[in-house]
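Enquirer: One structure, as structure tokens, below. Some questions next.
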Amino acid sequence: MAAASRYGVSLKQLRELMEHRGREGVDRVSEYGGVHEIARKLNTSEQTGLSGEHSDLEHRRDYFGSNTIPPKPPKTFLALVWEALQDVTLIILQVAAAVSLALSFYKPPKTEEEVVDEGENHADWIEGVAILLAVVIVVLVTAFNDWSKEKQFRGLQDRIEGEQTFSVIRNSNTVQIQVGEIVVGDIILVKYGDLLPADGLVIQSNDLKVDESSLTGESDQVKKGVSVDPMVLSGTHIMEGSGKVLVTAVGVNSQAGIIFTLLGAAADEVEEEEKKQKKLEKKNKGRDTNQNKSSQLDNLSASPNLEEGVGNSHPSHALPNSTPGGGEAAEAGPPEVEGEKSVLQAKLTNLAIQIGYGGMGVSLITVLILSIRFSIDEFFTKGSSWELYYINFYVKFVIIGVTVLVVAVPEGLPLAVTLSLAYSVKKMMADNNLVRHLDACETMGNATTICSDKTGTLTTNRMTVVQAYICNHHYKPDRNSLPKIRDLPSHVGVLITQGIAVNSSYSSDVQQNTSGLPTQIGNKTECSLLGFVIDLGVDYRQLRREMPDTKFKKVYTFNSARKSMSTIIPLASGGFRVYTKGASEIIMKKCSFLIGDNGKVESFTAAHQDRLVQNVIEPMAKDGLRTISIAYRDFVPGKAEKNQVHYDPGTEPNFETMGEDNVIANMTCVCVVGIEDPVREEVPAAIRKCQRAGITVRMVTGDNINTARAIATKCGIIKPGDNFLVLEGKEFNKRIRDAHTNEVRQDLLDKIWPRLRVLARSQPIDKYTLVKGIIDSNMSSAREVVAVTGDGTNDAPALKKADVGFAMGIAGTDVAKEASDIILTDDNFTSIVKAVMWGRNVYDSIAKFLQFQLTVNVVAVVVAFVGACAIQDSPLKAVQMLWVNLIMDTLASLALSTELPTPELLLRKPYGRTSPLISATMAKNILGQAIYQLVVVFGIMFFGELIFDIDSGRGADLRAPPSEHFTMIFNAFVMMTLFNEINARKIHGQRNVFKGVFTNPIYYVIWFVTFIAQIIIIQFGGQAFSTSKLNLEQWIWCIFFGVGTLVWQQVITSIPVGSLGKSMELGSTPPDMSSPCVAEDNANSSYNTHPVVGRSGQILWIRGLTRLQTQIRVVNAFRHGVDTQQIQQATSNPNIQRVLQKQASLNKRLSAASALSDPDHHNSHMVHQLTTKSHTETAV
């Protein structure tokens, strides 16, 4: 009660107030005495804001809540362990090991008369325990990796949220604070492009229009104002205008927060319903199998509609720290259907299918051959009768077969991909790339086209007025030539200084520093103009104090369509003045008068305009300057001059009904200024690197065509004599659109885009059209991979359409950042080039690991298979192969995935979408090394006892102790694998495999640790690892065979690739899987029905190989919140509308959740989508 008495309005009253809209909202606000009275009751001031005192802010958080939505708690380590245990391959291995362990204790006699000596083979249990321990280690390592990735990406999310700031008024000062620090009672300043962080009431509106489609589903922009519709809601976008807002609800009490809370509850209910459904299905499994199958087919037939209307949406946080339904809901439904996988994911999926078929086939054949040969020898040749004892042999054969499968399936590959991406993302943050979607990192490595903005990306975004045209006098060539206020007629000085100071966002500011350049805050173009006012010798802040924004009659804020800003202010003498500033050629067309010599008003004829363009504007533009014109128009009640408009003193002009085109017309041009935005010093070199790397850089800008051409020339995008196109937006549209229908035609666009390098005076839709046209084009053999930069709200469609969207971290709006894949924290083009390097490095890291992994797989599978056929045993035991494949490959994936990028990566062309993942050179290396290793292993297997003078291990009894013979095979194989890891660092045929080996400490530390671990295993592993101690001479031989791989690699490198042809390349074409969900559901269905028959083989390797998806899903669950567009999709669903709008009873929500719970149902993606929608989620 004490807290309630401190404020004149309660939390409940504010929550209820914000549920109203439009006229009804105005009436409800009036009941409380209006917005100003509510502000007073909240102990805040519209002018000075909150005091900012810590105690006051904390009290408001305690009573009204904080502006955060508590995330769902992360999965426990045990839950991650349980998930890792679900791997089918590991389950089979555990069962086989458990059976082996049980049989080791229960030893049935071979015959009824024969009794096995209890003291014999006392260590039989060790192999089964060792396999189980190896599985435990693998599971713990996997769970720990998942846990560490969750922790890492939570930290990444915290950083992203920590960088989300908003302008608020506190203690009379405008300050930027973190979104999570906003409290009820704060006065926030909103402007075009902002994503609203809290609910509030509009105190002041300058043509404020909001896109509320994220909450209402209605795409129309809603006009906001004190007397129109004062309610603004968190998660909605400011599409036009600016204003002040009184915060009335934050966090879980805001309208978006209420939705998040309900959706979180809905997700929990879905999980509960799913658990019940699964139990019910188990009971009805035998009874309703056919019925279930038919209903599944019906549901699956509807599944292609999942993505209808969704588009290429990206997840983001509408509110800070909001991850409702995060982890658990992420696993609730089937994997998301994506329109198109990333390049690497598609190739890995295809390669996984090829490896899976091969591995499964070899595994089954191995078990069959071992079983059949043993059965023939034992029961037909020897004539033995069946005894329970023989089960031991068959269990051993199954263990060998499963182990072959374990080796064939590259378990380390998903880990290598995840580690490489996570490592790259972390390092890219230091290179000013904040990666929001993991796959964007590797996709950038395949980019063939970059469509870049000019301002701030190619240029410094440090704008300065260096030339001016005032009163028919051109002040040039540099800033030192500019006039002072005393050099100008007094009224002209007032028009220029007031026209700039007042007709710009009051959040734009220039702060003088004692040392160095002034700090520019806000819009850089406006800051340059404010700097010009300072250079004239006038204090623009004083002008703003004399004309506070509360006095403004109307504001037409800048947007990409207008390319201008206009403000209507009252005149002290009576009447109104309209100030306009914007792109010169656009303002010129709206001017009928010009201030000429000595400040006299002259008629501005078409001929005069042409002369001004030719003599002033074009020369400025050719110098690379952005030209801005300032104009005005007066509406007066008294006698009007020729450039003024008279109105009846009894009735003020209604600017709303007049319309913008009539208000901003017959203006008087005051001056034209030339703004310099220098090209970044490092950009020309960066663009040369891109061109050398096979990447075409195109500049898309809203600037004058001459300015754009001059900047493009300075950057090196175009060169004199090049046959490239520089077009304006209008000309571009004219060339690509059908003359009759005005629709964009791909064939016309294909004639333009290959030669197009600069698109000037472009609208955001032009950028989108260009990006879409390049992506959809079939002109090149492989589809172009397009990266786009953008900073404005209207750039969002192009950013989403592009393969990789870069948003500007400094100049970018919240909407642009939300639509992007990567945020450039320094707005610098060179950071894009670094992203290309990292992307190519990820691709190469995976290729390196594949080259290493597949060599191990080929050798181990062939050795196990030939051993089974030739000696009815595998020379490499189950535990040994688990060490080689799961443990050592985990270490190898870490070692090979953490190599730093080198400049050499930019000396080759992009791989492209159809180029093979395993190139001919890599295939040559894999096969060449495999042949060498197989010769050595088989040489030792069949002739080892003769060469090394040791006892033969072939034909040993089932329970015979480990032999030196087979230990040497194992040790020589590991040594060759270990030294081949050095060869695997080079995949393009380089001879010097040691180059840069000591630049990556992770690599060489892991290499030496693995070497030492192998020594320990051989000398002390004993029965557990089926090894026998080796002497020094045997160790020297094994290391000699290992070093031989380095020498042999030089021989392989000498073989020309051309002689092998392209038949050896693998992973070039993505698999044709139109409905990944169907494949996954079918797989699961098959597995649940019968684990051995039907498609069980496909399930076995698919489940093993899709650990990449599982790991990335874990990352997604903790990296993403709820995208506003996804809320829109959710709220457009009638079931959820019932939950959100009517806030129905728990039974109704359970009913809605039940409809969602069936993973095959066409609506099942809704809650799942709200938590896991991502580029990186891919289903096999």
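By convention here, the chains of the structure tokens are called A, B, ... in the order presented, each chain's residues are numbered starting at 1, and ligands are numbered starting at 1 in the order presented.
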Give me the residues near region 12-14 of chain A as a ChimeraX atom specification, where near means some atom within 12 Å (using only C-alpha atoms) and where sequence neighbours in that chain fewer than 2 positions away do not count.
Expert: /A:4,7-10,16-20,25,28-29,31-32,35,38-39,41-42,63-65,184-185,199-201,231,246-250,253-255
Enquirer: Between A:Leu195, A:Val179, A:Ala606, A:Leu80, which has the minimum distance to Thr793 (chain A) (counting only C-alpha atoms)?
Expert: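 For Thr793 (chain A), the nearest of the candidates is A:Leu195.
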Enquirer: Excluding Asn857 (chain A) and any residue of its chain fewer than 3 positions from it, enumerate the residues within 7 Å of it, using only C-alpha atoms, and give them as a ChimeraX atom specification.
Expert: /A:407-408,853-854,860-861
Enquirer: List as a list in words the protein and nucleic acid residues near Ser528 (chain A), meaning an atom at most 7 Å away when only C-alpha atoms are counted, but skip any in the same chain fewer than 4 places from it.
Expert: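 The residues that qualify are Met463, Thr464, Val465, Lys524 and Phe532 of chain A.
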